[in-house]
$ cat upload37.cif   # mmCIF, C-alpha atoms
data_structure
loop_
_atom_site.label_atom_id
_atom_site.label_comp_id
_atom_site.auth_asym_id
_atom_site.auth_seq_id
_atom_site.Cartn_x
_atom_site.Cartn_y
_atom_site.Cartn_z
CA PHE A 1 9.55 21.86 12.72
CA GLN A 2 8.67 19.71 9.71
CA PHE A 3 11.08 17.76 7.51
CA PHE A 4 10.87 15.20 4.72
CA THR A 5 11.90 11.64 5.52
CA ARG A 6 13.41 11.33 2.02
CA ASN A 7 13.34 13.17 -1.30
CA PRO A 8 9.75 14.51 -1.68
CA ARG A 9 9.65 12.85 -5.12
CA GLY A 10 10.35 9.45 -3.58
CA GLY A 11 13.33 7.12 -3.71
CA ALA A 12 15.52 5.69 -1.00
CA ALA A 13 15.99 7.36 2.38
CA ALA A 14 19.42 8.40 3.63
CA LYS A 15 21.01 6.28 6.35
CA VAL A 16 20.32 7.44 9.90
CA GLU A 17 23.34 8.06 12.10
CA GLU A 18 22.48 7.28 15.71
CA ALA A 19 24.98 9.84 16.96
CA ASP A 20 23.08 12.55 15.06
CA VAL A 21 19.81 11.41 16.61
CA ALA A 22 21.32 11.47 20.11
CA ALA A 23 22.76 14.96 19.55
CA PHE A 24 19.43 16.26 18.29
CA ARG A 25 17.45 14.76 21.17
CA ALA A 26 19.82 16.27 23.73
CA TRP A 27 19.68 19.70 22.05
CA ALA A 28 15.87 19.59 21.65
CA ALA A 29 15.40 18.75 25.33
CA GLU A 30 17.76 21.55 26.38
CA GLN A 31 15.97 24.11 24.18
CA GLY A 32 12.42 22.99 24.99
CA PHE A 33 11.94 22.19 21.30
CA GLY A 34 8.47 21.03 20.23
CA PRO A 35 7.54 17.78 18.46
CA LEU A 36 8.88 17.13 14.98
CA VAL A 37 6.51 16.54 12.08
CA ALA A 38 8.04 14.20 9.51
CA HIS A 39 6.40 14.37 6.07
CA SER A 40 6.24 11.41 3.71
CA PRO A 41 7.21 11.83 0.03
CA TYR A 42 4.49 13.31 -2.19
CA THR A 43 4.73 10.27 -4.45
CA LEU A 44 3.44 8.00 -1.68
CA ASN A 45 -0.02 6.78 -2.78
CA PRO A 46 -1.26 3.70 -0.89
CA CYS A 47 -4.51 3.58 -2.91
CA SER A 48 -3.05 3.92 -6.43
CA ASP A 49 -4.39 1.90 -9.35
CA LYS A 50 -0.81 0.68 -9.94
CA PRO A 51 0.39 -2.21 -7.74
CA SER A 52 4.00 -0.97 -7.90
CA VAL A 53 2.98 2.41 -6.46
CA ARG A 54 0.98 0.76 -3.67
CA ASP A 55 3.97 -1.49 -2.91
CA PHE A 56 6.27 1.55 -2.64
CA ALA A 57 3.81 3.17 -0.21
CA LYS A 58 3.78 0.08 2.03
CA ARG A 59 7.59 -0.11 1.97
CA ALA A 60 8.00 3.62 2.67
CA PHE A 61 5.50 3.47 5.55
CA THR A 62 7.38 0.61 7.18
CA GLU A 63 10.83 2.16 6.68
CA ASP A 64 9.81 5.64 7.77
CA LEU A 65 7.92 4.50 10.86
CA GLU A 66 10.88 2.37 11.96
CA ARG A 67 13.11 5.47 11.66
CA MET A 68 10.60 7.63 13.55
CA GLU A 69 10.94 5.36 16.58
CA LEU A 70 14.29 7.11 17.15
CA THR A 71 12.41 10.33 18.02
CA PRO A 72 9.42 9.23 20.12
CA GLY A 73 6.58 11.64 20.77
CA CYS A 74 6.70 13.11 17.27
CA PHE A 75 4.39 12.95 14.22
CA TYR A 76 4.52 11.34 10.78
CA ASN A 77 2.32 13.17 8.25
CA PHE A 78 1.20 11.94 4.83
CA HIS A 79 -1.25 12.74 2.03
CA PRO A 80 -3.84 9.92 1.94
CA GLY A 81 -3.53 9.59 -1.85
CA SER A 82 -5.77 9.39 -4.94
CA HIS A 83 -7.89 6.40 -5.90
CA VAL A 84 -7.50 7.11 -9.67
CA GLY A 85 -10.99 5.83 -10.50
CA ARG A 86 -10.99 2.81 -8.18
CA GLY A 87 -13.53 4.41 -5.83
CA LEU A 88 -13.59 5.67 -2.25
CA GLU A 89 -14.33 2.32 -0.62
CA ALA A 90 -11.32 0.60 -2.20
CA ALA A 91 -9.13 3.58 -1.33
CA VAL A 92 -10.15 3.58 2.33
CA GLU A 93 -9.40 -0.15 2.57
CA ASP A 94 -5.97 0.18 0.90
CA ILE A 95 -4.90 3.15 3.04
CA SER A 96 -6.09 1.61 6.29
CA ALA A 97 -4.56 -1.79 5.43
CA ALA A 98 -1.16 -0.18 4.77
CA LEU A 99 -1.32 1.64 8.10
CA ARG A 100 -2.45 -1.43 10.03
CA LYS A 101 0.48 -3.37 8.59
CA ALA A 102 3.04 -0.69 9.47
CA LEU A 103 1.80 0.27 12.94
CA GLU A 104 2.94 -1.93 15.81
CA PRO A 105 1.11 -1.95 19.18
CA GLY A 106 2.58 0.66 21.49
CA TYR A 107 4.21 2.57 18.60
CA PRO A 108 5.64 5.82 20.08
CA VAL A 109 4.81 8.17 17.14
CA THR A 110 1.42 9.42 15.91
CA VAL A 111 0.68 9.08 12.18
CA LEU A 112 -1.28 12.00 10.71
CA LEU A 113 -3.66 11.99 7.75
CA GLU A 114 -3.52 15.40 6.09
CA THR A 115 -6.70 17.22 5.07
CA MET A 116 -6.68 17.65 1.29
CA ALA A 117 -8.26 19.98 -1.29
CA GLY A 118 -10.25 17.19 -2.97
CA LYS A 119 -8.94 17.71 -6.49
CA GLY A 120 -9.60 14.89 -8.94
CA SER A 121 -9.86 11.54 -7.15
CA GLU A 122 -7.90 12.75 -4.12
CA ILE A 123 -8.86 11.28 -0.74
CA GLY A 124 -9.23 13.54 2.31
CA GLY A 125 -11.07 16.51 0.81
CA ARG A 126 -13.99 15.80 3.15
CA PHE A 127 -13.78 15.19 6.88
CA GLU A 128 -15.95 12.09 6.47
CA GLU A 129 -13.27 10.43 4.31
CA LEU A 130 -10.65 10.93 7.02
CA ARG A 131 -13.04 9.56 9.64
CA ASP A 132 -13.64 6.44 7.54
CA ILE A 133 -9.88 5.78 7.37
CA LEU A 134 -9.42 6.39 11.10
CA ASP A 135 -12.29 4.02 11.89
CA ALA A 136 -10.89 1.34 9.56
CA VAL A 137 -7.39 1.56 11.09
CA GLY A 138 -8.78 1.42 14.61
CA SER A 139 -5.68 2.82 16.32
CA GLU A 140 -5.23 5.77 18.66
CA ASN A 141 -1.82 6.20 17.00
CA VAL A 142 -3.48 7.86 13.98
CA GLY A 143 -4.68 11.48 13.89
CA VAL A 144 -5.17 14.41 11.53
CA CYS A 145 -3.11 17.39 10.31
CA LEU A 146 -5.29 20.30 9.17
CA ASP A 147 -3.88 22.24 6.20
CA THR A 148 -5.58 25.64 6.00
CA CYS A 149 -5.11 26.00 2.22
CA HIS A 150 -6.41 22.50 1.58
CA VAL A 151 -9.58 22.80 3.69
CA TRP A 152 -10.30 26.23 2.18
CA ASP A 153 -9.86 24.91 -1.36
CA GLY A 154 -12.02 21.94 -0.31
CA GLY A 155 -14.91 24.24 0.58
CA TYR A 156 -14.56 24.74 4.34
CA ASP A 157 -14.86 28.48 5.07
CA ILE A 158 -12.18 28.94 7.73
CA ALA A 159 -12.08 32.69 6.97
CA GLY A 160 -15.79 33.40 7.42
CA ASP A 161 -16.79 30.65 9.88
CA LEU A 162 -13.79 29.08 11.62
CA ASP A 163 -15.87 28.07 14.63
CA GLY A 164 -18.40 26.37 12.36
CA VAL A 165 -15.69 24.44 10.51
CA LEU A 166 -14.09 23.26 13.75
CA THR A 167 -17.50 22.30 15.17
CA GLU A 168 -18.12 20.20 12.05
CA PHE A 169 -14.66 18.63 12.35
CA ASP A 170 -15.33 17.81 15.99
CA ARG A 171 -18.71 16.23 15.15
CA ILE A 172 -17.33 14.08 12.33
CA VAL A 173 -13.74 13.28 13.39
CA GLY A 174 -13.24 14.67 16.89
CA LEU A 175 -10.94 17.55 17.85
CA SER A 176 -8.98 15.15 20.05
CA ARG A 177 -7.67 13.56 16.82
CA LEU A 178 -6.38 16.91 15.47
CA LYS A 179 -2.64 17.02 16.24
CA ALA A 180 -1.02 19.54 13.86
CA VAL A 181 -1.75 22.47 11.53
CA HIS A 182 -0.17 23.43 8.22
CA LEU A 183 -0.60 27.20 8.07
CA ASN A 184 -0.92 28.25 4.42
CA ASP A 185 -2.80 30.86 2.44
CA SER A 186 -4.45 29.94 -0.88
CA MET A 187 -4.15 31.32 -4.40
CA ASN A 188 -7.75 30.23 -5.03
CA PRO A 189 -11.24 31.24 -3.89
CA LEU A 190 -13.21 29.10 -1.45
CA GLY A 191 -14.06 25.65 -2.82
CA ALA A 192 -11.79 25.79 -5.89
CA ARG A 193 -10.37 22.28 -5.22
CA LYS A 194 -7.03 23.21 -6.77
CA ASP A 195 -4.47 23.10 -3.91
CA ARG A 196 -2.28 26.08 -4.79
CA HIS A 197 -0.60 27.61 -1.75
CA ALA A 198 0.05 31.33 -1.34
CA ARG A 199 2.32 33.09 1.10
CA ILE A 200 0.61 33.87 4.39
CA GLY A 201 -1.46 37.05 4.00
CA GLU A 202 -1.14 37.16 0.19
CA GLY A 203 -4.00 34.82 -0.73
CA HIS A 204 -7.76 34.48 -0.59
CA ILE A 205 -7.83 33.35 3.06
CA GLY A 206 -6.00 36.44 4.27
CA LEU A 207 -3.81 37.38 7.20
CA ASP A 208 -6.62 38.22 9.65
CA ALA A 209 -8.23 34.80 9.17
CA LEU A 210 -4.94 32.96 9.60
CA VAL A 211 -4.18 34.94 12.77
CA ARG A 212 -7.56 33.73 14.08
CA VAL A 213 -6.49 30.16 13.27
CA VAL A 214 -3.22 30.59 15.18
CA ASN A 215 -4.99 32.05 18.22
CA HIS A 216 -8.09 29.83 18.29
CA PRO A 217 -8.39 28.02 21.65
CA ALA A 218 -8.76 24.64 19.91
CA LEU A 219 -5.67 25.17 17.74
CA ARG A 220 -3.23 27.50 19.50
CA ASN A 221 -1.26 24.75 21.23
CA LEU A 222 -0.83 22.58 18.09
#
$ encode --input "upload37.cif" --output "structure tokens"
Amino acid sequence: FQFFTRNPRGGAAAKVEEADVAAFRAWAAEQGFGPLVAHSPYTLNPCSDKPSVRDFAKRAFTEDLERMELTPGCFYNFHPGSHVGRGLEAAVEDISAALRKALEPGYPVTVLLETMAGKGSEIGGRFEELRDILDAVGSENVGVCLDTCHVWDGGYDIAGDLDGVLTEFDRIVGLSRLKAVHLNDSMNPLGARKDRHARIGEGHIGLDALVRVVNHPALRNL
């Protein structure tokens, strides 16, 4: 199950009631419920050209990760952001610095960088960009969430060569760092770099390809 930590457009997060957390944890254990994936607001951009936007990202990281400690063993997913003309190197440093500041040693939740479509100056459209951030953070508490629409729009042919894409991911990032999958179809053809989701089976990726994603040995337990 995935939820937003606050309004997807940003702003303050609602107060957490510890009784609600305790009730959820008891129910989830009883039901054998899987890990939660918390999603940051879409407005979070730790590598923006605007200092105020970067400051909000740092504050949101810190607040959200403190809240996530209430549900250990879960994931916190975010879009790496857009460098808005500042360049990849500056973006990698800003993103990794924000994560290093927010992550405490022994933190009980894994933070996930989401694969992106690579539109405009967006970071994460190539596996190498995610690897650079992971290397710069230097923490085992950081992994990757693979979004099927995003990687397809970014030029990775998961419909025609899923094994090849996963082999490339393993070579560059490592499949051990892949912790979650966003299963989406795409309104666009391969490599469009537009990031427009379609309902599963109604887009250019297609139902058969997404069924192969769900059942792939490297992905089926995510």
$ closest_residue --input "upload37.cif" --among "A:Ala136, A:Leu88, A:Ala60, A:Ile158" --to "Pro41 (chain A)" --atoms "all atoms listed in the file"
A:Ala60
$ closest_residue --input "upload37.cif" --among "A:Pro35, A:Lys101, A:Ser52, A:Ala91" --to "Gly73 (chain A)" --atoms "all atoms listed in the file"
A:Pro35
$ closest_residue --input "upload37.cif" --among "A:Asp153, A:Glu202, A:Glu140, A:Glu114" --to "Ala180 (chain A)" --atoms "all atoms listed in the file"
A:Glu114
$ resolve_selection --input "upload37.cif" --expression "the PyMOL selection byres ((chain A and resi 178) around 10)" --output "list in words"
Leu112, Leu113, Glu114, Val142, Gly143, Val144, Cys145, Leu146, Phe169, Asp170, Val173, Gly174, Leu175, Ser176, Arg177, Lys179, Ala180, Val181, Ala218, Leu219 and Leu222 of chain A
$ closest_residue --input "upload37.cif" --among "A:Ala102, A:Leu134, A:Ala90, A:Ala26" --to "Thr62 (chain A)" --atoms "all atoms listed in the file"
A:Ala102
$ atom_distance --input "upload37.cif" --atom1 "CA of Gly154 (chain A)" --atom2 "CA of Lys119 (chain A)"
8.1 Å
$ resolve_selection --input "upload37.cif" --expression "the PyMOL selection byres ((chain A and resi 11-18) around 12)" --output "ChimeraX atom specification"
/A:4-10,19-25,40-44,53,56-57,59-64,66-71
$ closest_residue --input "upload37.cif" --among "A:Cys74, A:Arg54, A:Gly160, A:Asp49" --to "Arg86 (chain A)" --atoms "all atoms listed in the file"
A:Asp49
$ closest_residue --input "upload37.cif" --among "A:Ser121, A:Ser186, A:Thr167, A:Thr110" --to "Gly85 (chain A)" --atoms "only C-alpha atoms"
A:Ser121
$ atom_distance --input "upload37.cif" --atom1 "CA of Ile205 (chain A)" --atom2 "CA of Gly118 (chain A)"
17.4 Å
$ atom_distance --input "upload37.cif" --atom1 "CA of Tyr76 (chain A)" --atom2 "CA of Val109 (chain A)"
7.1 Å
$ decode --input "upload37.cif" --residues "region 44-55 of chain A" --atoms "N, CA and C atoms" --output "mmCIF file, in the first residue's frame"
data_model
loop_
_atom_site.group_PDB
_atom_site.id
_atom_site.type_symbol
_atom_site.label_atom_id
_atom_site.label_comp_id
_atom_site.auth_asym_id
_atom_site.auth_seq_id
_atom_site.Cartn_x
_atom_site.Cartn_y
_atom_site.Cartn_z
ATOM 1 N N LEU A 44 8.413 18.357 -3.853
ATOM 2 C CA LEU A 44 9.720 18.224 -3.226
ATOM 3 C C LEU A 44 10.793 18.160 -4.318
ATOM 4 N N ASN A 45 11.713 19.126 -4.313
ATOM 5 C CA ASN A 45 12.784 19.173 -5.316
ATOM 6 C C ASN A 45 14.081 19.619 -4.650
ATOM 7 N N PRO A 46 14.872 18.659 -4.152
ATOM 8 C CA PRO A 46 16.084 19.015 -3.412
ATOM 9 C C PRO A 46 17.196 19.610 -4.262
ATOM 10 N N CYS A 47 17.031 19.620 -5.604
ATOM 11 C CA CYS A 47 18.081 20.187 -6.458
ATOM 12 C C CYS A 47 17.559 21.371 -7.273
ATOM 13 N N SER A 48 16.509 22.028 -6.782
ATOM 14 C CA SER A 48 15.932 23.184 -7.470
ATOM 15 C C SER A 48 16.933 24.330 -7.581
ATOM 16 N N ASP A 49 16.668 25.236 -8.531
ATOM 17 C CA ASP A 49 17.490 26.447 -8.640
ATOM 18 C C ASP A 49 17.050 27.507 -7.637
ATOM 19 N N LYS A 50 15.957 27.248 -6.908
ATOM 20 C CA LYS A 50 15.453 28.206 -5.922
ATOM 21 C C LYS A 50 15.795 27.732 -4.507
ATOM 22 N N PRO A 51 16.534 28.524 -3.741
ATOM 23 C CA PRO A 51 16.902 28.114 -2.379
ATOM 24 C C PRO A 51 15.699 27.777 -1.506
ATOM 25 N N SER A 52 14.593 28.495 -1.673
ATOM 26 C CA SER A 52 13.409 28.228 -0.840
ATOM 27 C C SER A 52 12.842 26.836 -1.104
ATOM 28 N N VAL A 53 12.902 26.401 -2.364
ATOM 29 C CA VAL A 53 12.402 25.067 -2.720
ATOM 30 C C VAL A 53 13.334 23.997 -2.160
ATOM 31 N N ARG A 54 14.638 24.223 -2.248
ATOM 32 C CA ARG A 54 15.595 23.272 -1.666
ATOM 33 C C ARG A 54 15.431 23.200 -0.151
ATOM 34 N N ASP A 55 15.161 24.341 0.491
ATOM 35 C CA ASP A 55 14.964 24.347 1.941
ATOM 36 C C ASP A 55 13.722 23.557 2.328
#
